[in-house]
Structure formats: structure tokens, C-alpha cells
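Data file: final_13.csv. Format and content: CSV, C-alpha atoms.
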```
chain,number,residue,atom,x,y,z
A,1,MET,CA,2.2,-0.4,10.7
A,2,PHE,CA,5.8,-1.5,11.1
A,3,THR,CA,7.1,1.3,8.9
A,4,VAL,CA,4.9,4.0,10.4
A,5,TYR,CA,5.8,3.0,13.9
A,6,LEU,CA,9.6,2.8,13.3
A,7,VAL,CA,9.6,6.2,11.5
A,8,SER,CA,7.7,7.8,14.3
A,9,TYR,CA,10.0,6.1,16.9
A,10,ALA,CA,13.1,7.3,15.0
A,11,ILE,CA,11.9,10.9,14.9
A,12,ASN,CA,10.5,11.1,18.4
A,13,THR,CA,12.8,8.8,20.5
A,14,MET,CA,16.0,8.4,18.5
A,15,LYS,CA,15.9,12.1,17.5
A,16,LEU,CA,16.7,11.5,13.8
A,17,PRO,CA,15.8,14.4,11.6
A,18,ALA,CA,12.3,14.0,10.2
A,19,GLY,CA,13.5,14.3,6.6
A,20,ALA,CA,16.0,11.4,7.1
A,21,ALA,CA,13.5,9.1,8.7
A,22,LEU,CA,10.7,9.9,6.2
A,23,SER,CA,13.1,9.3,3.3
A,24,CYS,CA,13.7,5.8,4.7
A,25,ALA,CA,9.9,5.3,4.5
A,26,VAL,CA,9.8,6.5,0.9
A,27,VAL,CA,12.5,4.0,-0.1
A,28,SER,CA,10.5,1.3,1.7
A,29,GLY,CA,7.4,2.3,-0.3
A,30,VAL,CA,9.3,2.2,-3.6
A,31,ILE,CA,10.6,-1.3,-2.8
A,32,VAL,CA,7.1,-2.5,-2.1
A,33,VAL,CA,5.7,-0.9,-5.3
A,34,THR,CA,8.5,-2.4,-7.3
A,35,LEU,CA,8.5,-5.9,-5.9
A,36,THR,CA,4.8,-6.5,-5.5
A,37,PRO,CA,4.2,-7.4,-9.2
A,38,PHE,CA,7.1,-9.7,-9.2
A,39,PHE,CA,5.8,-11.6,-6.2
A,40,GLY,CA,2.4,-11.7,-7.8
A,41,ALA,CA,3.9,-13.3,-10.9
A,42,LEU,CA,5.9,-15.7,-8.7
A,43,SER,CA,2.7,-16.7,-6.9
A,44,ASP,CA,1.3,-17.6,-10.3
A,45,ARG,CA,4.2,-20.0,-10.9
A,46,ILE,CA,4.7,-21.6,-7.5
A,47,GLY,CA,1.4,-21.1,-5.9
A,48,ARG,CA,-0.2,-18.6,-3.5
A,49,ARG,CA,0.2,-20.6,-0.3
A,50,PRO,CA,4.0,-20.9,-0.2
A,51,LEU,CA,4.5,-17.1,-0.6
A,52,ILE,CA,1.8,-16.1,1.8
A,53,LEU,CA,3.0,-18.6,4.4
A,54,ALA,CA,6.6,-17.4,3.9
A,55,SER,CA,5.5,-13.8,4.5
A,56,ALA,CA,3.5,-14.7,7.6
A,57,ASN,CA,6.1,-16.9,9.1
A,58,ALA,CA,8.9,-14.3,8.5
A,59,GLN,CA,7.0,-11.8,10.6
A,60,SER,CA,8.1,-13.3,13.9
A,61,PRO,CA,11.8,-13.8,13.9
A,62,VAL,CA,12.7,-11.4,11.0
A,63,ARG,CA,10.6,-8.5,12.2
A,64,LEU,CA,11.8,-8.7,15.8
A,65,SER,CA,15.4,-8.7,14.5
A,66,LEU,CA,14.7,-5.7,12.2
A,67,PHE,CA,13.0,-3.9,15.0
A,68,MET,CA,16.0,-4.4,17.2
A,69,LEU,CA,18.4,-3.4,14.4
A,70,ALA,CA,16.5,-0.1,13.9
A,71,ILE,CA,16.3,0.7,17.6
A,72,HIS,CA,19.8,-0.2,18.6
A,73,GLY,CA,21.5,1.0,15.5
A,74,ARG,CA,20.2,4.5,16.2
A,75,SER,CA,21.1,5.8,12.7
A,76,GLN,CA,19.5,6.5,9.4
A,77,GLY,CA,21.4,3.6,7.8
A,78,THR,CA,20.1,1.0,10.2
A,79,LEU,CA,16.6,2.4,9.9
A,80,LEU,CA,16.8,2.2,6.1
A,81,LEU,CA,18.1,-1.3,6.3
A,82,ALA,CA,15.4,-2.5,8.6
A,83,LEU,CA,12.6,-0.8,6.5
A,84,ALA,CA,14.0,-2.1,3.2
A,85,ALA,CA,14.2,-5.7,4.5
A,86,ASN,CA,10.7,-5.4,5.9
A,87,ALA,CA,9.5,-4.1,2.5
A,88,VAL,CA,10.6,-7.3,0.8
A,89,PHE,CA,8.4,-9.4,3.1
A,90,GLN,CA,5.5,-6.9,2.8
A,91,SER,CA,5.8,-7.2,-1.0
A,92,MET,CA,5.3,-11.0,-0.7
A,93,TYR,CA,2.0,-10.4,1.0
A,94,THR,CA,0.8,-7.5,-1.2
A,95,GLY,CA,1.7,-9.5,-4.3
A,96,THR,CA,-0.2,-12.5,-3.3
A,97,ILE,CA,-3.3,-11.5,-1.3
A,98,PRO,CA,-5.3,-9.9,-4.2
A,99,SER,CA,-5.1,-13.2,-6.1
A,100,ILE,CA,-6.1,-15.2,-3.0
A,101,LEU,CA,-9.1,-13.0,-2.5
A,102,ALA,CA,-10.1,-13.1,-6.2
A,103,GLU,CA,-9.9,-16.9,-6.2
A,104,MET,CA,-12.1,-17.4,-3.1
A,105,PHE,CA,-15.4,-17.1,-5.0
A,106,PRO,CA,-16.5,-17.9,-8.5
A,107,THR,CA,-16.5,-14.7,-10.6
A,108,ARG,CA,-20.2,-14.9,-11.5
A,109,ARG,CA,-21.3,-14.6,-7.9
A,110,ALA,CA,-21.8,-11.3,-6.1
A,111,LEU,CA,-20.1,-12.7,-3.1
A,112,TYR,CA,-16.8,-11.7,-4.6
A,113,ARG,CA,-17.8,-8.0,-4.2
A,114,LEU,CA,-18.9,-8.7,-0.7
A,115,SER,CA,-15.6,-10.4,0.2
A,116,ARG,CA,-13.7,-7.4,-1.2
A,117,SER,CA,-15.9,-5.0,0.8
A,118,VAL,CA,-15.5,-7.0,4.0
A,119,TYR,CA,-11.8,-7.3,3.5
A,120,GLY,CA,-11.5,-3.6,2.9
A,121,VAL,CA,-13.6,-2.6,6.0
A,122,CYS,CA,-11.7,-5.0,8.3
A,123,ARG,CA,-8.3,-3.9,6.9
A,124,ASP,CA,-9.2,-0.2,7.5
A,125,ALA,CA,-10.6,-0.9,11.0
A,126,VAL,CA,-7.4,-2.6,12.0
A,127,ARG,CA,-5.3,0.2,10.5
A,128,ARG,CA,-7.3,2.7,12.6
A,129,LEU,CA,-6.7,0.8,15.8
A,130,CYS,CA,-3.0,0.0,15.3
A,131,PRO,CA,-1.6,3.4,16.4
A,132,THR,CA,-3.6,3.2,19.6
A,133,ASP,CA,-2.6,-0.4,20.2
A,134,LEU,CA,1.0,0.3,19.5
A,135,HIS,CA,1.0,3.3,21.8
A,136,MET,CA,-0.4,1.2,24.6
A,137,ALA,CA,2.1,-1.6,23.8
A,138,ARG,CA,4.9,0.9,24.0
A,139,GLN,CA,3.8,2.0,27.4
A,140,ALA,CA,3.8,-1.5,28.7
A,141,PRO,CA,6.3,-1.7,31.6
A,142,GLY,CA,9.3,-3.9,31.4
A,143,ASN,CA,9.4,-4.6,27.7
A,144,PRO,CA,10.7,-2.1,25.1
A,145,TYR,CA,10.0,-4.5,22.3
A,146,SER,CA,6.2,-4.8,22.9
A,147,PRO,CA,5.3,-3.1,19.6
A,148,ALA,CA,7.4,-5.7,17.8
A,149,LEU,CA,5.6,-8.5,19.7
A,150,TYR,CA,2.3,-7.0,18.6
A,151,VAL,CA,3.4,-7.2,14.9
A,152,MET,CA,4.6,-10.7,15.5
A,153,ALA,CA,1.3,-11.7,16.9
A,154,GLY,CA,-0.4,-10.5,13.7
A,155,GLY,CA,2.0,-12.6,11.7
A,156,ALA,CA,1.3,-15.7,13.8
A,157,LEU,CA,-2.5,-15.2,13.3
A,158,SER,CA,-2.0,-14.9,9.6
A,159,ALA,CA,0.2,-18.0,9.4
A,160,ALA,CA,-2.4,-20.0,11.4
A,161,ALA,CA,-5.2,-18.8,9.1
A,162,PHE,CA,-3.4,-19.8,5.9
A,163,SER,CA,-2.1,-23.1,7.4
A,164,ALA,CA,-5.6,-24.4,8.0
```
Starting from the file, give its structure as C-alpha cells.
Amino acid sequence: MFTVYLVSYAINTMKLPAGAALSCAVVSGVIVVTLTPFFGALSDRIGRRPLILASANAQSPVRLSLFMLAIHGRSQGTLLLALAANAVFQSMYTGTIPSILAEMFPTRRALYRLSRSVYGVCRDAVRRLCPTDLHMARQAPGNPYSPALYVMAGGALSAAAFSA
């Protein structure tokens, strides 16, 4: 959501060339694909909870800073920097969450399949709603950073869920 919104914002509002903005998204994706297995291996060594909490807690201050950097920098370089830094934190999450889900239920039970299905449906439903929510947040009067606040709220909910 962070990546898609910032790329769209860069093209439509900052008037960056589409190719330049989309190339930043590609670099971000390559970083996520490259770092995810490393964070997965790290979670095997130090535990799942520290990494997932670090990812969730970083969403508030770090993502607001990255959002501001991308918007105020108004260049391909600042967009690339913001998306690349965000990709590191995203990799922490994507490297850890599959193991957390797999460990929630014993492997002999069919509940594991159900948990995967429920997780997939919920994830897809949230992804479908995010563009609408972000558009409405962007239209909120008086606060140009409302989309960043939306992402931060998701991070706060994740941190609360994993802290319990």
C-alpha cells in the first residue's frame, strides 16, 4: 500500500515521469524479494516476535518520515530512497509472518489450512479496500499526511496484536 500510493502520488501530483516512478517501485520489490529470506533465517535465530515487533513499531515514526521525504523531496532520488528504506521494513514482516502462521497450529490439524485461508481472504479484502481508504484519507481537509497516518494506524494495530 505504501509503495503503490507513493508511486501514484509521484506520477499524479509530483508529475514525475511514470517510468521513473515505476522503476523506483521495481527496485523496492527487488529489495523485498532479496531480503525476505534473510529476515526469515534471522527470525529462526533470534525469534519471530522481535522481528515482527520491530517491523510493526517502525511503521509509525519511520514511515511518516519516509512519506514526508518522498513528498517534500519531489524527485526520483528521494522517492527511491523512501521506497528502498520502506522495503527493508516490509522484508522484516514478509520474512517472519509465514513462520508465525505455520507455528500457530499443529501440522496434523486441518486448522492450519483454515488459518491460511482466513489470512489470505482477510489480506486480500484489506488490499481491495486500501485504495478507496487512501483516496478518502487524501481528501481529508487540513492534513496532507492523512495517508501516512492510515499506514501508521495499521502498524499500531499490528504492534498491539503481537505484543499481547
With a distance cut-off of 7 Å and all atoms listed in the file, select the neighbouring residues of Ile52 (chain A), excluding the residue or stretch itself and same-chain residues fewer than 6 positions from it, and output the selection as a PyMOL selection string. chain A and resi 92-93+96
Exercise: region 2-10 of chain A partners within 7 Å, all atoms listed in the file, chain neighbours under 3 positions left out, as a ChimeraX atom specification: /A:13-16,21-22,25,83
Need the shell around region 87-91 of chain A: protein/DNA/RNA residues with any atom at most 12 Å away, counting only C-alpha atoms. Skip same-chain ones fewer than 6 positions apart. Format as a ChimeraX atom specification? /A:1-3,24-43,51-60,62-63,66,80-81,97-98,155
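Restricting the calculation to all atoms listed in the file, the smallest distance between Asn86 (chain A) and any of A:Ala18, A:Ser65, A:Arg48, A:Ile71 is found for A:Ser65.
CA of Gly95 (chain A) sits 23.3 Å away from CA of Ser23 (chain A).
Proximity ranking of A:Arg45, A:Pro50, A:Leu101, A:Ile11 relative to Ala70 (chain A) places A:Ile11 first, based on only C-alpha atoms.
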